[in-house]
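**Q** Just dropping this structure here.
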Amino acid sequence: METEVLLVGAGPVGLLLAAELRLAGVRPTVIERLAQPTREQKARGMGSLATEALRRRGLGAQLAAHHERGFADFRAAHGSDKGHFAWLHKIDLVPADEPERTYTFIWQPELEQLLGRWLAELGVPVLREHELTALRQDPDSVTATVHTPTGRCQVTAGYLVGCDGGRSPVRKLAGFEFPGTEPFMIMRAAQVELADPDAVPPPGQRDTGSLMHSLDGSGVGILGTTEFSAIPEDRGGPLTPEELAASVRRVAGVDVAITAIREPRRVLDHARQAERYQLGRVLLAGDAAHVHSPNGGQGLNLGLMDAVNLGWKLAASVRRGDDGPLGTYTAERHPVAAAVLHNTRAQSALLSPGPHHQALRDIVSELMDIPAVNAYLAELLNGPHTRYRLPYNKPADHDLVGQHCPDLVFGADRLYQHTAEGDPVLLTPTHAPEVAQAAAPWASRVQLVPAGLARHDLSGVLLRPDGVVAWACGPDHPPDLEQLGHAMRTWFAAPGAPDSPDSPDDPDCPDGR
Ligand SMILES: Cc1cc2nc3c(=O)[nH]c(=O)nc-3n(C[C@H](O)[C@H](O)[C@H](O)COP(=O)(O)OP(=O)(O)OC[C@H]3O[C@@H](n4cnc5c(N)ncnc54)[C@H](O)[C@@H]3O)c2cc1C
């Protein structure tokens, strides 16, 4: 079997990346080892950048339909509608001056369902029960060995992307370095039934860790612990009732009799990141590229934004042989994940038991009442103003250049009404016709949309397919047309560079389906 791009893993990142590639004219093949999507409720939502990325593709109404229930679940679970840093629930999730830059609360399985339906509409199949077990690459291609229900086969691809989660076989097989810090904290939790619910003391922090539970009168509910020692060397098997009971004993000093256990889970706070996200023709995205504790709920947002950043760049390599945009993938995304790892390590430290850490935690909690600190932490967790350094940046560039653009309104029209197909967009100012003239040679690749923007600081914007502002101008200065040309050539090649035709129809599936 041959395919232009082989995506390994149909988690949220693989699904979104496949859709982005398809919109950009590539027909990827997605393989997934599981027979069915998992119903495991990991992430319960995503931040404003991933929300905007999906709204740009016309999925806003579907997200909104889930948000209310997801937010109610979040409020019920945390007793607060504020975001948290190290479980200090004080963070205002939406910037006061940009109320449209909202989170979406949606359980991960529901998000995967939504992305899966979209992918099916785009005609991209997901081959389930297909597990990658080996790979090798040469200068022109990558060959993967895939185990399927009907036997083993070889798949040759122009590129292969590991979207295969934190334990990423692709990362290991391709030889990516994955440096970082060992786990410092371990959380164990499960749905349990207890024979003696009265034996369990109230939840809360102790000198040895913390105990959490939401048990009803008959002893049914969630029971969990967080500890900062006793991290088992052997974590291959699932969490057992005995391991959970021993942890409760260490933390709370009581013996509990667990008679039934469901959805047992250990969560550790390794913080590791691939040194680079591309080795030859193999790339990484999502948890495959970075792992960290779930504190602050940042992993899904981070991984989805990898997919959004990578999709159109990889497509430029596949369709035009233009590797320039792809060469910026690691440079743009690595620092964003490094900052997330950094803040999750700080959260682990703040969660540690003992009087010294508690004193620090008290002070951080007081600082969070200062609006500027609150906004700083909100930006740290959610990053709506994440700014990439672009290859042609100069100090005089508009403030928005390198940042993700929120939806913009002009008359009865909006920016995001022009982005569903994944094309780059240039909003051309009505007062400066020279912008549209300068961009005309790229008109087959970039949508030119005349827009009278009603903003005092912005009159024209060039938007990359991932929503990043590549160039902008304001009403009070003449537009920098030379800089516009740099931006166009950097991201969308010289005018007239040929694109390969849209890829042929779906390749044959390995097992003939
Ligand atoms: C308990 C918990 C709570 C969390 N809470 C949050 C939260 O509140 N907010 C948040 O943003 N994030 C949270 N996260 C993190 C979030 O769930 C992940 O960041 C997200 O799942 C990453 O998506 P992914 O597509 O990169 O990887 P995954 O979702 O792990 O998907 C990888 C896929 O690859 C497949 N695969 C693996 N190996 C192979 C192979 N060899 N061949 C074929 N397929 C393969 C797997 O079966 C899987 O389907 C949480 C995580 C956990 C564990």
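Convention: chains lettered A, B, ... in structure tokens order; per-chain residue numbering from 1; ligands numbered from 1 as shown.
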Please produce, as JSON lines, a per-residue contact table for chain A versus ligand 1 (criterion: any atom at most 6 Å away, only C-alpha atoms and all ligand atoms considered), showing the nearest atom pair and its distance in Å to one decimal, sorted by chain then residue number.
**A**
```
{"residue": "A:Val8", "atom": "CA", "partner": "ligand 1", "partner_atom_place_in_ligand_line": "43 (C)", "distance": 5.0}
{"residue": "A:Gly9", "atom": "CA", "partner": "ligand 1", "partner_atom_place_in_ligand_line": "34 (O)", "distance": 3.2}
{"residue": "A:Ala10", "atom": "CA", "partner": "ligand 1", "partner_atom_place_in_ligand_line": "49 (O)", "distance": 4.9}
{"residue": "A:Gly11", "atom": "CA", "partner": "ligand 1", "partner_atom_place_in_ligand_line": "31 (O)", "distance": 3.5}
{"residue": "A:Pro12", "atom": "CA", "partner": "ligand 1", "partner_atom_place_in_ligand_line": "25 (O)", "distance": 4.2}
{"residue": "A:Val13", "atom": "CA", "partner": "ligand 1", "partner_atom_place_in_ligand_line": "25 (O)", "distance": 3.8}
{"residue": "A:Gly14", "atom": "CA", "partner": "ligand 1", "partner_atom_place_in_ligand_line": "25 (O)", "distance": 5.5}
{"residue": "A:Ile31", "atom": "CA", "partner": "ligand 1", "partner_atom_place_in_ligand_line": "43 (C)", "distance": 5.4}
{"residue": "A:Glu32", "atom": "CA", "partner": "ligand 1", "partner_atom_place_in_ligand_line": "44 (N)", "distance": 3.7}
{"residue": "A:Arg33", "atom": "CA", "partner": "ligand 1", "partner_atom_place_in_ligand_line": "43 (C)", "distance": 4.0}
{"residue": "A:Leu34", "atom": "CA", "partner": "ligand 1", "partner_atom_place_in_ligand_line": "47 (O)", "distance": 5.3}
{"residue": "A:Lys42", "atom": "CA", "partner": "ligand 1", "partner_atom_place_in_ligand_line": "3 (C)", "distance": 3.9}
{"residue": "A:Ala43", "atom": "CA", "partner": "ligand 1", "partner_atom_place_in_ligand_line": "6 (C)", "distance": 3.3}
{"residue": "A:Arg44", "atom": "CA", "partner": "ligand 1", "partner_atom_place_in_ligand_line": "8 (O)", "distance": 4.8}
{"residue": "A:Gly45", "atom": "CA", "partner": "ligand 1", "partner_atom_place_in_ligand_line": "9 (N)", "distance": 5.6}
{"residue": "A:Met46", "atom": "CA", "partner": "ligand 1", "partner_atom_place_in_ligand_line": "11 (O)", "distance": 5.4}
{"residue": "A:His130", "atom": "CA", "partner": "ligand 1", "partner_atom_place_in_ligand_line": "43 (C)", "distance": 5.9}
{"residue": "A:Glu131", "atom": "CA", "partner": "ligand 1", "partner_atom_place_in_ligand_line": "42 (N)", "distance": 3.5}
{"residue": "A:Leu132", "atom": "CA", "partner": "ligand 1", "partner_atom_place_in_ligand_line": "42 (N)", "distance": 4.1}
{"residue": "A:Thr133", "atom": "CA", "partner": "ligand 1", "partner_atom_place_in_ligand_line": "41 (N)", "distance": 5.7}
{"residue": "A:Cys163", "atom": "CA", "partner": "ligand 1", "partner_atom_place_in_ligand_line": "26 (O)", "distance": 5.3}
{"residue": "A:Asp164", "atom": "CA", "partner": "ligand 1", "partner_atom_place_in_ligand_line": "34 (O)", "distance": 3.3}
{"residue": "A:Gly165", "atom": "CA", "partner": "ligand 1", "partner_atom_place_in_ligand_line": "30 (O)", "distance": 3.6}
{"residue": "A:Ser168", "atom": "CA", "partner": "ligand 1", "partner_atom_place_in_ligand_line": "38 (N)", "distance": 5.8}
{"residue": "A:Pro169", "atom": "CA", "partner": "ligand 1", "partner_atom_place_in_ligand_line": "41 (N)", "distance": 5.4}
{"residue": "A:Gly286", "atom": "CA", "partner": "ligand 1", "partner_atom_place_in_ligand_line": "26 (O)", "distance": 3.6}
{"residue": "A:Asp287", "atom": "CA", "partner": "ligand 1", "partner_atom_place_in_ligand_line": "26 (O)", "distance": 4.0}
{"residue": "A:Ala288", "atom": "CA", "partner": "ligand 1", "partner_atom_place_in_ligand_line": "26 (O)", "distance": 5.9}
{"residue": "A:Pro294", "atom": "CA", "partner": "ligand 1", "partner_atom_place_in_ligand_line": "4 (C)", "distance": 4.9}
{"residue": "A:Gly297", "atom": "CA", "partner": "ligand 1", "partner_atom_place_in_ligand_line": "9 (N)", "distance": 3.2}
{"residue": "A:Gln298", "atom": "CA", "partner": "ligand 1", "partner_atom_place_in_ligand_line": "11 (O)", "distance": 3.9}
{"residue": "A:Gly299", "atom": "CA", "partner": "ligand 1", "partner_atom_place_in_ligand_line": "19 (O)", "distance": 3.6}
{"residue": "A:Leu300", "atom": "CA", "partner": "ligand 1", "partner_atom_place_in_ligand_line": "11 (O)", "distance": 3.5}
{"residue": "A:Asn301", "atom": "CA", "partner": "ligand 1", "partner_atom_place_in_ligand_line": "11 (O)", "distance": 5.3}
{"residue": "A:Gly303", "atom": "CA", "partner": "ligand 1", "partner_atom_place_in_ligand_line": "26 (O)", "distance": 5.6}
```
**Q** May I have all residues of stretch 294-495 of chain A that DSSP, computed from the backbone, assigns to strand (DSSP E), given as an mmCIF file with N, CA and C atoms, in the first residue's frame?
**A**
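And here's states_22.cif as it stands now:
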```
data_model
loop_
_atom_site.group_PDB
_atom_site.id
_atom_site.type_symbol
_atom_site.label_atom_id
_atom_site.label_comp_id
_atom_site.auth_asym_id
_atom_site.auth_seq_id
_atom_site.Cartn_x
_atom_site.Cartn_y
_atom_site.Cartn_z
ATOM 1 N N VAL A 409 -15.136 41.083 12.709
ATOM 2 C CA VAL A 409 -16.425 41.423 12.076
ATOM 3 C C VAL A 409 -16.191 42.593 11.127
ATOM 4 N N PHE A 410 -16.777 42.511 9.935
ATOM 5 C CA PHE A 410 -16.764 43.674 9.040
ATOM 6 C C PHE A 410 -18.120 43.711 8.334
ATOM 7 N N ASP A 413 -20.394 40.672 7.584
ATOM 8 C CA ASP A 413 -19.511 39.541 7.303
ATOM 9 C C ASP A 413 -18.568 39.308 8.482
ATOM 10 N N ARG A 414 -17.955 38.132 8.522
ATOM 11 C CA ARG A 414 -16.975 37.821 9.558
ATOM 12 C C ARG A 414 -15.831 37.061 8.923
ATOM 13 N N VAL A 425 -6.325 33.597 3.957
ATOM 14 C CA VAL A 425 -7.231 34.709 3.628
ATOM 15 C C VAL A 425 -6.473 36.018 3.796
ATOM 16 N N LEU A 426 -6.646 36.918 2.831
ATOM 17 C CA LEU A 426 -6.144 38.282 3.013
ATOM 18 C C LEU A 426 -7.351 39.217 3.047
ATOM 19 N N LEU A 427 -7.575 39.835 4.209
ATOM 20 C CA LEU A 427 -8.608 40.872 4.278
ATOM 21 C C LEU A 427 -7.958 42.143 3.759
ATOM 22 N N THR A 428 -8.429 42.627 2.623
ATOM 23 C CA THR A 428 -7.780 43.794 2.019
ATOM 24 C C THR A 428 -8.518 45.051 2.447
ATOM 25 N N PRO A 429 -7.764 46.082 2.868
ATOM 26 C CA PRO A 429 -8.420 47.296 3.356
ATOM 27 C C PRO A 429 -9.091 48.051 2.207
ATOM 28 N N GLN A 447 -7.235 33.610 -0.625
ATOM 29 C CA GLN A 447 -8.528 34.293 -0.866
ATOM 30 C C GLN A 447 -8.378 35.774 -0.564
ATOM 31 N N LEU A 448 -8.709 36.642 -1.490
ATOM 32 C CA LEU A 448 -8.655 38.087 -1.241
ATOM 33 C C LEU A 448 -10.068 38.553 -0.922
ATOM 34 N N VAL A 449 -10.265 39.062 0.281
ATOM 35 C CA VAL A 449 -11.607 39.457 0.718
ATOM 36 C C VAL A 449 -11.584 40.944 1.088
ATOM 37 N N PRO A 450 -12.264 41.809 0.313
ATOM 38 C CA PRO A 450 -12.312 43.230 0.680
ATOM 39 C C PRO A 450 -13.044 43.394 1.999
ATOM 40 N N ALA A 451 -12.462 44.140 2.929
ATOM 41 C CA ALA A 451 -13.079 44.240 4.255
ATOM 42 C C ALA A 451 -12.884 45.639 4.822
ATOM 43 N N GLY A 460 -6.080 45.680 7.627
ATOM 44 C CA GLY A 460 -5.834 44.576 6.709
ATOM 45 C C GLY A 460 -5.105 43.462 7.423
ATOM 46 N N VAL A 461 -5.425 42.201 7.077
ATOM 47 C CA VAL A 461 -4.826 41.048 7.770
ATOM 48 C C VAL A 461 -4.589 39.928 6.768
ATOM 49 N N LEU A 462 -3.398 39.341 6.821
ATOM 50 C CA LEU A 462 -3.134 38.109 6.073
ATOM 51 C C LEU A 462 -3.127 36.960 7.073
ATOM 52 N N LEU A 463 -4.027 36.019 6.859
ATOM 53 C CA LEU A 463 -4.196 34.915 7.806
ATOM 54 C C LEU A 463 -3.672 33.628 7.188
ATOM 55 N N VAL A 469 -1.693 35.309 12.195
ATOM 56 C CA VAL A 469 -1.572 36.525 11.395
ATOM 57 C C VAL A 469 -0.154 36.592 10.823
ATOM 58 N N ALA A 470 -0.053 36.539 9.495
ATOM 59 C CA ALA A 470 1.254 36.540 8.833
ATOM 60 C C ALA A 470 1.671 37.954 8.468
ATOM 61 N N TRP A 471 0.712 38.840 8.382
ATOM 62 C CA TRP A 471 0.987 40.249 8.050
ATOM 63 C C TRP A 471 -0.272 41.031 8.426
ATOM 64 N N ALA A 472 -0.080 42.283 8.825
ATOM 65 C CA ALA A 472 -1.246 43.117 9.146
ATOM 66 C C ALA A 472 -0.893 44.577 8.954
ATOM 67 N N CYS A 473 -1.914 45.389 8.770
ATOM 68 C CA CYS A 473 -1.672 46.833 8.705
ATOM 69 C C CYS A 473 -2.810 47.553 9.427
#
```
**Q** Could you name the residues that touch stretch 66-77 of chain A at 10 Å or less, counting only C-alpha atoms, but leaving out those on the same chain fewer than 3 positions away, as a PyMOL selection string?
**A** chain A and resi 44-45+61-63+80-83+103-107+110-111+214
**Q** Given the selection you just returned, output its residues as a file containing C-alpha atoms, formatted as a compact mmCIF listing (two decimals), in the first residue's frame.
**A**
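Done, and the output landed in selection-v7.txt:
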```
# COMPACT_ATOMS: atom_id res chain seq x y z
CA ARG A 44 -13.01 17.65 29.74
CA GLY A 45 -12.36 20.60 27.51
CA ALA A 61 -22.30 25.36 16.62
CA GLN A 62 -21.51 21.69 17.33
CA LEU A 63 -19.03 22.66 20.04
CA SER A 80 -16.33 26.36 41.05
CA ASP A 81 -16.62 27.81 37.58
CA LYS A 82 -13.11 29.23 37.77
CA GLY A 83 -10.07 27.61 36.19
CA TYR A 103 -12.97 27.79 26.37
CA THR A 104 -15.11 24.85 25.29
CA PHE A 105 -16.06 22.28 27.88
CA ILE A 106 -16.56 19.04 25.99
CA TRP A 107 -15.63 15.56 27.15
CA GLU A 110 -17.54 13.50 22.51
CA LEU A 111 -14.90 15.67 20.85
CA SER A 214 -17.07 11.40 46.28
```
**Q** Using only C-alpha atoms, find the one residue out of A:Ser141, A:Ser218, A:Thr29, A:Asn309 that sits nearest to A:Gly422.
**A**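 Of A:Ser141, A:Ser218, A:Thr29, A:Asn309, the one nearest A:Gly422, counting only C-alpha atoms, is A:Asn309.
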**Q** One decimal, in Å: what's the spacing between atom CA of A:Tyr277 and atom CA of A:Leu381?
**A** 21.8 Å
**Q** Please identify all polymer residues within 9 Å of A:Leu160, counting only C-alpha atoms, omitting same-chain residues fewer than 4 positions from it, and present them as an MDAnalysis selection string.
**A** chainID A and resid 4:8 141:144 170 281:284
**Q** Using only C-alpha atoms, find the one residue out of A:Asp196, A:Glu421, A:Asp466, A:Asp499 that sits nearest to A:Asp306.
**A**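 Selected residue with least distance to A:Asp306: A:Asp466.
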**Q** Let me make sure I understand: among A:His486, A:Arg319, A:His404, A:Arg387, which one has the smallest atom-to-atom distance to A:Ser48 if we use only C-alpha atoms?
**A** A:His404
**Q** Hey, which of A:Leu310, A:Gly79, A:Val126, A:Pro355 ends up closest to A:Arg206? Count only C-alpha atoms.
**A** A:Pro355
**Q** List the spatial neighbours of A:Leu367 as a count of residues only - criterion: any atom at most 12 Å away, only C-alpha atoms, same-chain residues fewer than 3 positions off excluded.
**A** 17
